[in-house]
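Peer 1: File name structure.pdb; file contents PDB, C-alpha atoms (C1' of nucleotides); full text below.
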```pdb
MODEL        1
ATOM      1  CA  MET A   1      14.764 151.851 140.285
ATOM      2  CA  THR A   2      18.052 153.590 140.833
ATOM      3  CA  ILE A   3      20.967 151.496 139.788
ATOM      4  CA  PRO A   4      23.518 150.749 142.501
ATOM      5  CA  LEU A   5      26.920 152.319 142.226
ATOM      6  CA  ALA A   6      28.727 148.995 141.982
ATOM      7  CA  SER A   7      26.533 147.874 139.074
ATOM      8  CA  GLU A   8      26.953 151.156 137.266
ATOM      9  CA  LEU A   9      30.673 150.785 137.739
ATOM     10  CA  VAL A  10      30.790 147.271 136.354
ATOM     11  CA  ILE A  11      28.626 148.134 133.372
ATOM     12  CA  GLN A  12      30.632 151.196 132.405
ATOM     13  CA  PHE A  13      33.832 149.323 133.019
ATOM     14  CA  ASN A  14      32.757 146.543 130.728
ATOM     15  CA  LYS A  15      31.697 148.946 128.024
ATOM     16  CA  LEU A  16      34.979 150.763 128.123
ATOM     17  CA  GLN A  17      36.998 147.599 127.991
ATOM     18  CA  THR A  18      35.052 146.330 124.980
ATOM     19  CA  ARG A  19      35.822 149.580 123.249
ATOM     20  CA  PHE A  20      39.496 149.372 124.162
ATOM     21  CA  VAL A  21      39.892 145.859 122.842
ATOM     22  CA  LYS A  22      38.186 146.744 119.582
ATOM     23  CA  ARG A  23      40.527 149.645 119.028
ATOM     24  CA  ILE A  24      43.593 147.618 119.895
ATOM     25  CA  ASP A  25      42.462 144.709 117.749
ATOM     26  CA  ALA A  26      42.049 147.050 114.826
ATOM     27  CA  GLN A  27      45.583 148.344 115.288
ATOM     28  CA  LEU A  28      47.113 144.920 115.812
ATOM     29  CA  SER A  29      45.438 143.539 112.718
ATOM     30  CA  VAL A  30      48.065 145.472 110.777
ATOM     31  CA  HIS A  31      50.548 142.980 112.190
ATOM     32  CA  GLY A  32      48.218 140.074 111.498
ATOM     33  CA  ILE A  33      47.523 139.281 115.131
ATOM     34  CA  SER A  34      44.631 139.666 117.558
ATOM     35  CA  TYR A  35      44.536 141.082 121.063
ATOM     36  CA  THR A  36      44.665 137.607 122.572
ATOM     37  CA  GLU A  37      47.514 136.548 120.342
ATOM     38  CA  TYR A  38      49.348 139.671 121.387
ATOM     39  CA  MET A  39      48.837 138.751 125.023
ATOM     40  CA  VAL A  40      50.182 135.260 124.373
ATOM     41  CA  MET A  41      53.288 136.718 122.790
ATOM     42  CA  TYR A  42      53.592 139.296 125.516
ATOM     43  CA  TYR A  43      53.773 136.662 128.224
ATOM     44  CA  LEU A  44      56.088 134.435 126.206
ATOM     45  CA  ASN A  45      58.375 137.363 125.587
ATOM     46  CA  GLY A  46      58.606 138.136 129.269
ATOM     47  CA  ALA A  47      58.973 134.553 130.472
ATOM     48  CA  GLU A  48      62.187 133.240 131.920
ATOM     49  CA  ASN A  49      63.856 130.664 129.681
ATOM     50  CA  ASP A  50      61.707 132.295 127.022
ATOM     51  CA  SER A  51      59.189 129.524 127.355
ATOM     52  CA  LEU A  52      55.999 128.666 129.166
ATOM     53  CA  ARG A  53      53.891 125.596 129.626
ATOM     54  CA  ARG A  54      50.452 125.732 128.084
ATOM     55  CA  VAL A  55      48.667 125.704 131.416
ATOM     56  CA  GLU A  56      50.712 128.640 132.628
ATOM     57  CA  LEU A  57      49.974 130.532 129.478
ATOM     58  CA  ALA A  58      46.278 129.747 129.832
ATOM     59  CA  GLU A  59      46.298 131.090 133.368
ATOM     60  CA  PHE A  60      48.097 134.299 132.396
ATOM     61  CA  VAL A  61      45.992 135.031 129.366
ATOM     62  CA  GLY A  62      42.741 133.954 130.944
ATOM     63  CA  LEU A  63      41.872 131.192 128.507
ATOM     64  CA  SER A  64      41.003 127.561 129.103
ATOM     65  CA  ALA A  65      43.513 124.844 128.293
ATOM     66  CA  SER A  66      41.693 123.970 125.104
ATOM     67  CA  GLY A  67      41.463 127.626 124.204
ATOM     68  CA  ILE A  68      45.248 127.833 124.353
ATOM     69  CA  THR A  69      45.681 124.722 122.239
ATOM     70  CA  ARG A  70      43.438 126.159 119.561
ATOM     71  CA  MET A  71      44.988 129.597 119.739
ATOM     72  CA  LEU A  72      48.505 128.246 119.341
ATOM     73  CA  MET A  73      47.735 126.022 116.354
ATOM     74  CA  PRO A  74      47.492 128.801 113.780
ATOM     75  CA  MET A  75      50.254 130.776 115.510
ATOM     76  CA  GLN A  76      52.524 127.808 115.094
ATOM     77  CA  LYS A  77      51.476 127.428 111.493
ATOM     78  CA  MET A  78      52.302 131.101 110.924
ATOM     79  CA  GLY A  79      55.693 130.489 112.469
ATOM     80  CA  LEU A  80      55.210 132.821 115.432
ATOM     81  CA  VAL A  81      55.700 130.224 118.128
ATOM     82  CA  GLN A  82      57.255 126.796 118.407
ATOM     83  CA  LYS A  83      56.751 123.750 120.553
ATOM     84  CA  ASP A  84      59.359 122.180 122.771
ATOM     85  CA  SER A  85      58.987 119.215 125.000
ATOM     86  CA  SER A  86      60.096 119.136 128.584
ATOM     87  CA  HIS A  87      62.642 116.477 129.473
ATOM     88  CA  ARG A  88      61.402 116.610 133.037
ATOM     89  CA  ASP A  89      57.805 115.814 132.295
ATOM     90  CA  ALA A  90      56.726 114.154 129.090
ATOM     91  CA  ARG A  91      53.213 115.485 129.417
ATOM     92  CA  VAL A  92      54.086 119.106 129.112
ATOM     93  CA  SER A  93      54.583 120.972 125.918
ATOM     94  CA  LEU A  94      56.610 124.148 126.222
ATOM     95  CA  VAL A  95      55.861 127.077 123.984
ATOM     96  CA  LYS A  96      58.290 129.755 122.893
ATOM     97  CA  LEU A  97      58.475 132.592 120.452
ATOM     98  CA  THR A  98      60.378 131.934 117.256
ATOM     99  CA  LEU A  99      62.797 134.551 115.971
ATOM    100  CA  ALA A 100      60.142 135.671 113.520
ATOM    101  CA  GLY A 101      57.670 135.764 116.393
ATOM    102  CA  LYS A 102      59.933 137.975 118.443
ATOM    103  CA  SER A 103      60.400 140.313 115.574
ATOM    104  CA  ILE A 104      56.680 140.597 114.920
ATOM    105  CA  PHE A 105      56.018 141.028 118.597
ATOM    106  CA  ASN A 106      58.477 143.891 118.804
ATOM    107  CA  ASP A 107      56.713 145.673 115.998
ATOM    108  CA  ALA A 108      53.301 144.898 117.463
ATOM    109  CA  GLN A 109      54.404 146.145 120.837
ATOM    110  CA  LYS A 110      55.102 149.554 119.385
ATOM    111  CA  SER A 111      51.593 149.683 117.955
ATOM    112  CA  PHE A 112      50.131 148.422 121.169
ATOM    113  CA  ASN A 113      51.883 150.990 123.328
ATOM    114  CA  HIS A 114      50.990 153.697 120.909
ATOM    115  CA  THR A 115      47.333 152.729 120.935
ATOM    116  CA  THR A 116      47.080 152.425 124.704
ATOM    117  CA  ALA A 117      48.681 155.846 125.019
ATOM    118  CA  ALA A 118      46.057 157.228 122.645
ATOM    119  CA  LEU A 119      43.254 155.509 124.538
ATOM    120  CA  THR A 120      44.325 157.037 127.833
ATOM    121  CA  ARG A 121      45.401 160.422 126.617
ATOM    122  CA  SER A 122      42.448 162.075 128.363
ATOM    123  CA  MET A 123      44.131 161.230 131.658
ATOM    124  CA  THR A 124      47.161 162.716 133.280
ATOM    125  CA  ASP A 125      49.912 160.385 134.351
ATOM    126  CA  LYS A 126      48.881 160.780 137.917
ATOM    127  CA  GLN A 127      45.293 159.853 137.125
ATOM    128  CA  GLN A 128      46.479 156.797 135.263
ATOM    129  CA  GLN A 129      48.487 155.747 138.281
ATOM    130  CA  LYS A 130      45.481 156.254 140.501
ATOM    131  CA  PHE A 131      43.280 154.333 138.118
ATOM    132  CA  LEU A 132      45.752 151.463 137.889
ATOM    133  CA  ALA A 133      46.007 151.328 141.667
ATOM    134  CA  LEU A 134      42.231 151.150 141.997
ATOM    135  CA  THR A 135      42.096 148.458 139.328
ATOM    136  CA  GLN A 136      44.690 146.416 141.215
ATOM    137  CA  GLN A 137      42.699 146.877 144.369
ATOM    138  CA  LEU A 138      39.689 145.248 142.753
ATOM    139  CA  PHE A 139      41.614 142.041 142.201
ATOM    140  CA  SER A 140      41.582 141.196 145.870
TER     141      SER A 140
ATOM    142  CA  MET B   1      61.910 146.843 128.238
ATOM    143  CA  THR B   2      59.754 148.559 130.833
ATOM    144  CA  ILE B   3      56.120 148.474 129.991
ATOM    145  CA  PRO B   4      54.432 151.864 129.647
ATOM    146  CA  LEU B   5      51.893 152.847 132.234
ATOM    147  CA  ALA B   6      49.054 153.082 129.740
ATOM    148  CA  SER B   7      49.706 149.555 128.485
ATOM    149  CA  GLU B   8      49.933 148.164 131.982
ATOM    150  CA  LEU B   9      46.662 149.875 132.722
ATOM    151  CA  VAL B  10      44.902 148.432 129.696
ATOM    152  CA  ILE B  11      46.203 144.924 130.354
ATOM    153  CA  GLN B  12      45.177 144.883 133.988
ATOM    154  CA  PHE B  13      41.912 146.460 133.073
ATOM    155  CA  ASN B  14      41.199 143.740 130.566
ATOM    156  CA  LYS B  15      42.138 141.004 132.983
ATOM    157  CA  LEU B  16      39.850 142.369 135.650
ATOM    158  CA  GLN B  17      36.947 142.740 133.290
ATOM    159  CA  THR B  18      37.283 139.146 132.093
ATOM    160  CA  ARG B  19      37.146 138.029 135.673
ATOM    161  CA  PHE B  20      34.128 140.185 136.409
ATOM    162  CA  VAL B  21      32.151 138.890 133.475
ATOM    163  CA  LYS B  22      32.933 135.281 134.359
ATOM    164  CA  ARG B  23      31.674 135.761 137.880
ATOM    165  CA  ILE B  24      28.546 137.564 136.774
ATOM    166  CA  ASP B  25      27.841 135.009 134.060
ATOM    167  CA  ALA B  26      28.081 132.251 136.631
ATOM    168  CA  GLN B  27      25.549 134.012 138.827
ATOM    169  CA  LEU B  28      23.182 134.903 136.009
ATOM    170  CA  SER B  29      23.173 131.338 134.724
ATOM    171  CA  VAL B  30      20.889 130.579 137.659
ATOM    172  CA  HIS B  31      18.298 132.684 135.829
ATOM    173  CA  GLY B  32      19.118 131.063 132.510
ATOM    174  CA  ILE B  33      20.638 134.155 130.951
ATOM    175  CA  SER B  34      24.115 135.378 130.043
ATOM    176  CA  TYR B  35      25.813 138.662 130.767
ATOM    177  CA  THR B  36      25.005 139.953 127.294
ATOM    178  CA  GLU B  37      21.398 138.859 127.528
ATOM    179  CA  TYR B  38      21.194 140.641 130.850
ATOM    180  CA  MET B  39      22.512 143.799 129.230
ATOM    181  CA  VAL B  40      19.930 143.528 126.474
ATOM    182  CA  MET B  41      17.162 143.264 129.044
ATOM    183  CA  TYR B  42      18.683 146.026 131.109
ATOM    184  CA  TYR B  43      18.524 148.485 128.246
ATOM    185  CA  LEU B  44      15.072 147.366 127.180
ATOM    186  CA  ASN B  45      13.846 147.754 130.730
ATOM    187  CA  GLY B  46      15.135 151.304 130.921
ATOM    188  CA  ALA B  47      14.003 152.395 127.466
ATOM    189  CA  GLU B  48      11.216 154.882 126.961
ATOM    190  CA  ASN B  49       8.122 153.299 125.420
ATOM    191  CA  ASP B  50       9.686 150.114 126.729
ATOM    192  CA  SER B  51      11.055 149.378 123.313
ATOM    193  CA  LEU B  52      14.182 149.843 121.248
ATOM    194  CA  ARG B  53      15.167 149.365 117.660
ATOM    195  CA  ARG B  54      17.713 146.667 116.981
ATOM    196  CA  VAL B  55      20.385 149.103 115.889
ATOM    197  CA  GLU B  56      19.974 151.103 119.060
ATOM    198  CA  LEU B  57      20.220 147.985 121.140
ATOM    199  CA  ALA B  58      23.329 146.925 119.250
ATOM    200  CA  GLU B  59      24.916 150.286 119.941
ATOM    201  CA  PHE B  60      24.101 150.183 123.645
ATOM    202  CA  VAL B  61      25.185 146.627 124.198
ATOM    203  CA  GLY B  62      28.233 146.859 121.967
ATOM    204  CA  LEU B  63      27.262 144.156 119.496
ATOM    205  CA  SER B  64      26.973 144.214 115.747
ATOM    206  CA  ALA B  65      23.562 144.291 114.098
ATOM    207  CA  SER B  66      23.803 140.639 113.227
ATOM    208  CA  GLY B  67      24.947 139.843 116.725
ATOM    209  CA  ILE B  68      21.730 141.384 118.042
ATOM    210  CA  THR B  69      19.595 139.462 115.583
ATOM    211  CA  ARG B  70      21.199 136.212 116.672
ATOM    212  CA  MET B  71      21.044 137.052 120.353
ATOM    213  CA  LEU B  72      17.350 137.929 120.203
ATOM    214  CA  MET B  73      16.272 134.798 118.368
ATOM    215  CA  PRO B  74      16.572 132.414 121.325
ATOM    216  CA  MET B  75      15.392 135.116 123.743
ATOM    217  CA  GLN B  76      12.242 135.450 121.702
ATOM    218  CA  LYS B  77      11.833 131.704 121.609
ATOM    219  CA  MET B  78      12.180 131.627 125.384
ATOM    220  CA  GLY B  79       9.515 134.293 125.598
ATOM    221  CA  LEU B  80      11.719 136.965 127.161
ATOM    222  CA  VAL B  81      11.280 139.541 124.421
ATOM    223  CA  GLN B  82       8.848 140.238 121.627
ATOM    224  CA  LYS B  83       8.968 141.922 118.263
ATOM    225  CA  ASP B  84       6.898 144.892 117.205
ATOM    226  CA  SER B  85       6.983 146.705 113.930
ATOM    227  CA  SER B  86       7.206 150.443 113.624
ATOM    228  CA  HIS B  87       4.384 152.143 111.726
ATOM    229  CA  ARG B  88       6.709 154.981 110.909
ATOM    230  CA  ASP B  89       9.357 152.925 109.202
ATOM    231  CA  ALA B  90       8.649 149.482 107.820
ATOM    232  CA  ARG B  91      12.320 148.532 107.978
ATOM    233  CA  VAL B  92      12.638 148.696 111.701
ATOM    234  CA  SER B  93      11.741 145.997 114.117
ATOM    235  CA  LEU B  94      11.122 147.149 117.671
ATOM    236  CA  VAL B  95      12.034 144.907 120.566
ATOM    237  CA  LYS B  96      10.444 144.911 123.978
ATOM    238  CA  LEU B  97      10.431 142.828 127.120
ATOM    239  CA  THR B  98       7.472 140.531 127.599
ATOM    240  CA  LEU B  99       5.812 140.328 130.988
ATOM    241  CA  ALA B 100       7.734 137.119 131.645
ATOM    242  CA  GLY B 101      10.884 138.888 130.501
ATOM    243  CA  LYS B 102      10.327 141.725 132.958
ATOM    244  CA  SER B 103       9.780 139.317 135.757
ATOM    245  CA  ILE B 104      12.931 137.362 135.002
ATOM    246  CA  PHE B 105      14.867 140.559 134.603
ATOM    247  CA  ASN B 106      13.758 141.755 138.012
ATOM    248  CA  ASP B 107      15.026 138.580 139.600
ATOM    249  CA  ALA B 108      18.232 138.673 137.602
ATOM    250  CA  GLN B 109      18.791 142.277 138.555
ATOM    251  CA  LYS B 110      18.884 141.332 142.197
ATOM    252  CA  SER B 111      21.553 138.724 141.488
ATOM    253  CA  PHE B 112      23.445 141.142 139.329
ATOM    254  CA  ASN B 113      23.474 143.888 141.927
ATOM    255  CA  HIS B 114      24.435 141.441 144.575
ATOM    256  CA  THR B 115      27.345 140.136 142.536
ATOM    257  CA  THR B 116      28.654 143.555 141.565
ATOM    258  CA  ALA B 117      28.538 144.559 145.216
ATOM    259  CA  ALA B 118      30.595 141.502 146.075
ATOM    260  CA  LEU B 119      33.058 142.206 143.268
ATOM    261  CA  THR B 120      33.671 145.744 144.471
ATOM    262  CA  ARG B 121      33.553 145.144 148.180
ATOM    263  CA  SER B 122      37.287 145.812 148.472
ATOM    264  CA  MET B 123      36.525 149.455 147.691
ATOM    265  CA  THR B 124      34.888 152.093 149.788
ATOM    266  CA  ASP B 125      31.964 153.957 148.302
ATOM    267  CA  LYS B 126      34.147 156.937 147.739
ATOM    268  CA  GLN B 127      36.720 154.888 145.890
ATOM    269  CA  GLN B 128      33.999 153.403 143.723
ATOM    270  CA  GLN B 129      32.832 156.875 142.851
ATOM    271  CA  LYS B 130      36.371 157.883 141.995
ATOM    272  CA  PHE B 131      36.823 154.775 139.895
ATOM    273  CA  LEU B 132      33.586 155.346 138.039
ATOM    274  CA  ALA B 133      34.525 158.946 137.379
ATOM    275  CA  LEU B 134      37.890 157.915 135.960
ATOM    276  CA  THR B 135      36.191 155.292 133.813
ATOM    277  CA  GLN B 136      33.786 157.878 132.444
ATOM    278  CA  GLN B 137      36.689 160.161 131.735
ATOM    279  CA  LEU B 138      38.260 157.560 129.477
ATOM    280  CA  PHE B 139      35.229 157.525 127.207
ATOM    281  CA  SER B 140      36.100 160.913 125.780
TER     282      SER B 140
ATOM    283  C1'  DG C   1      55.016  96.907 142.190
ATOM    284  C1'  DA C   2      50.058  97.659 141.125
ATOM    285  C1'  DT C   3      46.228 100.439 141.270
ATOM    286  C1'  DA C   4      44.003 104.886 141.898
ATOM    287  C1'  DT C   5      44.107 109.554 141.317
ATOM    288  C1'  DA C   6      45.860 113.790 139.438
ATOM    289  C1'  DT C   7      47.801 116.612 135.763
ATOM    290  C1'  DA C   8      48.905 118.299 130.831
ATOM    291  C1'  DC C   9      47.221 118.538 126.800
ATOM    292  C1'  DT C  10      44.094 117.495 122.657
ATOM    293  C1'  DT C  11      39.748 116.621 120.172
ATOM    294  C1'  DG C  12      34.586 116.657 119.086
ATOM    295  C1'  DC C  13      30.845 119.320 119.554
ATOM    296  C1'  DT C  14      28.504 123.483 120.416
ATOM    297  C1'  DC C  15      27.691 128.455 120.998
ATOM    298  C1'  DA C  16      28.315 133.429 120.459
ATOM    299  C1'  DA C  17      29.795 136.801 117.601
ATOM    300  C1'  DT C  18      31.792 138.736 113.304
ATOM    301  C1'  DC C  19      32.011 140.126 108.374
ATOM    302  C1'  DA C  20      30.229 140.203 103.805
ATOM    303  C1'  DA C  21      26.364 139.740 101.072
ATOM    304  C1'  DT C  22      21.358 140.153 100.562
ATOM    305  C1'  DT C  23      16.590 141.944 100.991
ATOM    306  C1'  DA C  24      13.489 145.480 101.967
ATOM    307  C1'  DT C  25      12.429 150.027 102.635
ATOM    308  C1'  DA C  26      13.445 155.062 102.939
ATOM    309  C1'  DT C  27      15.501 159.387 101.435
ATOM    310  C1'  DA C  28      17.847 162.597  98.193
ATOM    311  C1'  DC C  29      18.184 164.707  93.974
ATOM    312  C1'  DA C  30      18.571 165.098  88.791
TER     313       DA C  30
ATOM    314  C1'  DT D   1       9.147 160.568  88.505
ATOM    315  C1'  DG D   2      12.970 157.600  88.500
ATOM    316  C1'  DT D   3      17.474 156.443  89.893
ATOM    317  C1'  DA D   4      21.150 156.416  93.260
ATOM    318  C1'  DT D   5      22.367 156.079  97.792
ATOM    319  C1'  DA D   6      21.569 155.156 102.631
ATOM    320  C1'  DT D   7      19.653 152.516 106.437
ATOM    321  C1'  DA D   8      17.484 148.344 109.073
ATOM    322  C1'  DA D   9      17.545 143.900 109.555
ATOM    323  C1'  DT D  10      18.643 139.044 108.264
ATOM    324  C1'  DT D  11      21.402 135.106 106.507
ATOM    325  C1'  DG D  12      25.641 132.211 105.177
ATOM    326  C1'  DA D  13      30.174 131.239 106.205
ATOM    327  C1'  DT D  14      33.804 131.592 109.398
ATOM    328  C1'  DT D  15      36.231 132.255 113.792
ATOM    329  C1'  DG D  16      37.308 132.109 118.752
ATOM    330  C1'  DA D  17      36.296 130.052 122.816
ATOM    331  C1'  DG D  18      34.274 126.793 126.129
ATOM    332  C1'  DC D  19      32.914 122.237 128.095
ATOM    333  C1'  DA D  20      33.147 117.365 128.363
ATOM    334  C1'  DA D  21      35.506 113.420 127.154
ATOM    335  C1'  DG D  22      39.675 111.131 125.876
ATOM    336  C1'  DT D  23      44.830 110.066 125.849
ATOM    337  C1'  DA D  24      49.257 110.072 127.900
ATOM    338  C1'  DT D  25      52.049 110.552 131.638
ATOM    339  C1'  DA D  26      53.138 111.393 136.582
ATOM    340  C1'  DT D  27      52.474 110.854 141.539
ATOM    341  C1'  DA D  28      50.573 108.740 145.722
ATOM    342  C1'  DT D  29      49.104 104.945 148.409
ATOM    343  C1'  DC D  30      48.262 100.281 149.601
TER     344       DC D  30
ENDMDL
END
```
Now, as a test, write the supplied structure out as structure tokens.
Peer 2:
Amino acid sequence: MTIPLASELVIQFNKLQTRFVKRIDAQLSVHGISYTEYMVMYYLNGAENDSLRRVELAEFVGLSASGITRMLMPMQKMGLVQKDSSHRDARVSLVKLTLAGKSIFNDAQKSFNHTTAALTRSMTDKQQQKFLALTQQLFS
Amino acid sequence: MTIPLASELVIQFNKLQTRFVKRIDAQLSVHGISYTEYMVMYYLNGAENDSLRRVELAEFVGLSASGITRMLMPMQKMGLVQKDSSHRDARVSLVKLTLAGKSIFNDAQKSFNHTTAALTRSMTDKQQQKFLALTQQLFS
DNA sequence: GATATATACTTGCTCAATCAATTATATACA
DNA sequence: TGTATATAATTGATTGAGCAAGTATATATC
């Protein structure tokens, strides 16, 4: 049986992504954080008011609510993030980067960008743009 | 700080893949198997002599050796795969699909192909080919 | 205002996967 | 031949994540 194009695409795609994350994880471990933790910090860093609610964070990072709770526990213990409560809604717990967190994120970001550049160095800029555009297209 | 193209690419790429796997997992659960179990069966199905060594399987699927051992245990219990020993090398344990395993794989494959087609339906065939080619290029 | 429903988060339990250590066997070489 | 090293697989301990259930608070409706 010949394998359909779409399946071949998904399988190769998945394989590549697994490889990417492993490489990035290895690099980030120098800073003591994982890929997912990096993504958490990345979104917190870019958020307005420098803070996000847990559900928002979960949505961005692609984790469940409980996944976020568990992920943040050690990060808080390490002093990377801190909790704040919302005075608008007593249910929500806002998360933000601490100063130490920001500093570590800045360092990690350099590693991250460096690694992604290495991972995609077999592509020209134009190809990367094309590839990104096609990736975006698949979201719809 | 503007985010570099390569990093944007990797992040979007990762996000998309997570989404893909979730959708496929949901579909495959009808057949009682996960994405990774599907991949195991997929490689076993395509292997010559219908069997693979655990290390080979691990390499293909992108798991560690122990990951494969643990993954195969329940699959064996469910009767999807069986063990064989190699007469060339007493250390190796060959894995192959059982008849039941083949049958379930065939059903699952239909679901899988159907789902991947749905996931990529926003792309023309030509775009899919382009995308696959770019993906392959990143492996080097 | 009281009751029902929805939302934000946390906790207990479970599963999948990893690493490090272990066992068994194979290969290399002094 | 015997000893060191390498390889295949498994096992114990740990981690990351999910789901289902629970708690606290908010909103909607009667």
Peer 1: If I take atom CA of Leu63 of chain B and atom C1' of DT18 of chain C, how far is one from the other in Å, to one decimal?
Peer 2: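 If I compute the distance from atom CA of Leu63 of chain B to atom C1' of DT18 of chain C, I get 9.4 Å.
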Peer 1: With the file shown as input, list the residues that the PyMOL selection byres ((chain A) within 12 of (chain D)) selects, as a list in words.
Peer 2: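 That expression, the PyMOL selection byres ((chain A) within 12 of (chain D)), corresponds here to Ser34, Tyr35, Thr36, Glu37, Gly62, Leu63, Ser64, Ala65, Ser66, Gly67, Ile68, Thr69, Arg70, Met71, Leu72, Pro74, Arg88, Asp89, Ala90, Arg91 and Val92 of chain A.
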Peer 1: Could you give me, as JSON lines, every chain C residue with an atom at most 12 Å from chain B, plus its closest atom pair and distance in Å to one decimal, counting only C-alpha atoms (C1' of nucleotides), rows ordered by chain then number?
Peer 2:
```
{"residue": "C:DC15", "atom": "C1'", "partner": "B:Met71", "partner_atom": "CA", "distance": 10.9}
{"residue": "C:DA16", "atom": "C1'", "partner": "B:Met71", "partner_atom": "CA", "distance": 8.1}
{"residue": "C:DA17", "atom": "C1'", "partner": "B:Gly67", "partner_atom": "CA", "distance": 5.8}
{"residue": "C:DT18", "atom": "C1'", "partner": "B:Ser64", "partner_atom": "CA", "distance": 7.7}
{"residue": "C:DC19", "atom": "C1'", "partner": "B:Ser66", "partner_atom": "CA", "distance": 9.5}
{"residue": "C:DA20", "atom": "C1'", "partner": "B:Ser66", "partner_atom": "CA", "distance": 11.4}
{"residue": "C:DT23", "atom": "C1'", "partner": "B:Arg91", "partner_atom": "CA", "distance": 10.5}
{"residue": "C:DA24", "atom": "C1'", "partner": "B:Arg91", "partner_atom": "CA", "distance": 6.8}
{"residue": "C:DT25", "atom": "C1'", "partner": "B:Arg91", "partner_atom": "CA", "distance": 5.5}
{"residue": "C:DA26", "atom": "C1'", "partner": "B:Asp89", "partner_atom": "CA", "distance": 7.8}
{"residue": "C:DT27", "atom": "C1'", "partner": "B:Asp89", "partner_atom": "CA", "distance": 11.8}
```
Peer 1: Would you save the residues from that selection as a PDB file, in the frame of the given file, using C-alpha atoms (C1' of nucleotides)?
Peer 2:
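File produced: result_0.pdb:
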```
ATOM      1  C1'  DC C  15      27.691 128.455 120.998  1.00  0.00           C
ATOM      2  C1'  DA C  16      28.315 133.429 120.459  1.00  0.00           C
ATOM      3  C1'  DA C  17      29.795 136.801 117.601  1.00  0.00           C
ATOM      4  C1'  DT C  18      31.792 138.736 113.304  1.00  0.00           C
ATOM      5  C1'  DC C  19      32.011 140.126 108.374  1.00  0.00           C
ATOM      6  C1'  DA C  20      30.229 140.203 103.805  1.00  0.00           C
ATOM      7  C1'  DT C  23      16.590 141.944 100.991  1.00  0.00           C
ATOM      8  C1'  DA C  24      13.489 145.480 101.967  1.00  0.00           C
ATOM      9  C1'  DT C  25      12.429 150.027 102.635  1.00  0.00           C
ATOM     10  C1'  DA C  26      13.445 155.062 102.939  1.00  0.00           C
ATOM     11  C1'  DT C  27      15.501 159.387 101.435  1.00  0.00           C
TER      12       DT C  27
END
```
Peer 1: Could you tell me which of B:Leu44, B:Ala117, B:Ala58, B:Met1 comes closest to chain A if we count only C-alpha atoms?
Peer 2: B:Ala117
Peer 1: Apply the PyMOL selection byres ((chain A) within 8 of (chain B)) to the structure shown and report the selected residues as a PyMOL selection string.
Peer 2: chain A and resi 4-10+12-18+20+61-62+112-113+116-117+119-120+122-123+127-129+131-132+134-140
Peer 1: Between atom CA of Lys83 of chain A and atom CA of Val95 of chain A, what is the spacing in Å?
Peer 2: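 Going from atom CA of Val95 of chain A over to atom CA of Lys83 of chain A covers 4.9 Å.
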Peer 1: To one decimal in Å, tell me the separation between atom CA of Tyr42 of chain B and atom CA of Leu57 of chain B.
Peer 2: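 Separating atom CA of Tyr42 of chain B from atom CA of Leu57 of chain B is a distance of 10.3 Å.
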Peer 1: With N, CA and C atoms as the atom set, please write segment 53-63 of chain A from the structure just given, as a short mmCIF file (atom, residue, chain, number, x, y, z; two decimals), in the first residue's frame.
Peer 2:
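Written file, out34.cif:
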```cif
data_model
loop_
_atom_site.label_atom_id
_atom_site.label_comp_id
_atom_site.auth_asym_id
_atom_site.auth_seq_id
_atom_site.Cartn_x
_atom_site.Cartn_y
_atom_site.Cartn_z
N ARG A 53 -3.17 35.18 33.02
CA ARG A 53 -3.91 34.25 33.84
C ARG A 53 -3.52 32.85 33.43
N ARG A 54 -3.68 31.92 34.35
CA ARG A 54 -3.26 30.54 34.07
C ARG A 54 -3.96 29.95 32.87
N VAL A 55 -5.23 30.21 32.74
CA VAL A 55 -5.96 29.65 31.58
C VAL A 55 -5.43 30.18 30.26
N GLU A 56 -5.08 31.45 30.25
CA GLU A 56 -4.51 32.03 29.04
C GLU A 56 -3.19 31.36 28.70
N LEU A 57 -2.38 31.25 29.71
CA LEU A 57 -1.09 30.60 29.55
C LEU A 57 -1.25 29.19 29.02
N ALA A 58 -2.19 28.46 29.60
CA ALA A 58 -2.46 27.09 29.18
C ALA A 58 -2.80 27.05 27.69
N GLU A 59 -3.67 27.96 27.29
CA GLU A 59 -4.08 28.04 25.89
C GLU A 59 -2.88 28.31 24.98
N PHE A 60 -2.08 29.30 25.35
CA PHE A 60 -0.93 29.65 24.52
C PHE A 60 0.05 28.49 24.39
N VAL A 61 0.36 27.90 25.52
CA VAL A 61 1.41 26.89 25.54
C VAL A 61 0.89 25.53 25.06
N GLY A 62 -0.40 25.37 25.12
CA GLY A 62 -0.97 24.10 24.67
C GLY A 62 -1.01 23.04 25.76
N LEU A 63 -1.11 23.49 27.00
CA LEU A 63 -1.23 22.55 28.12
C LEU A 63 -2.64 22.64 28.68
#
```
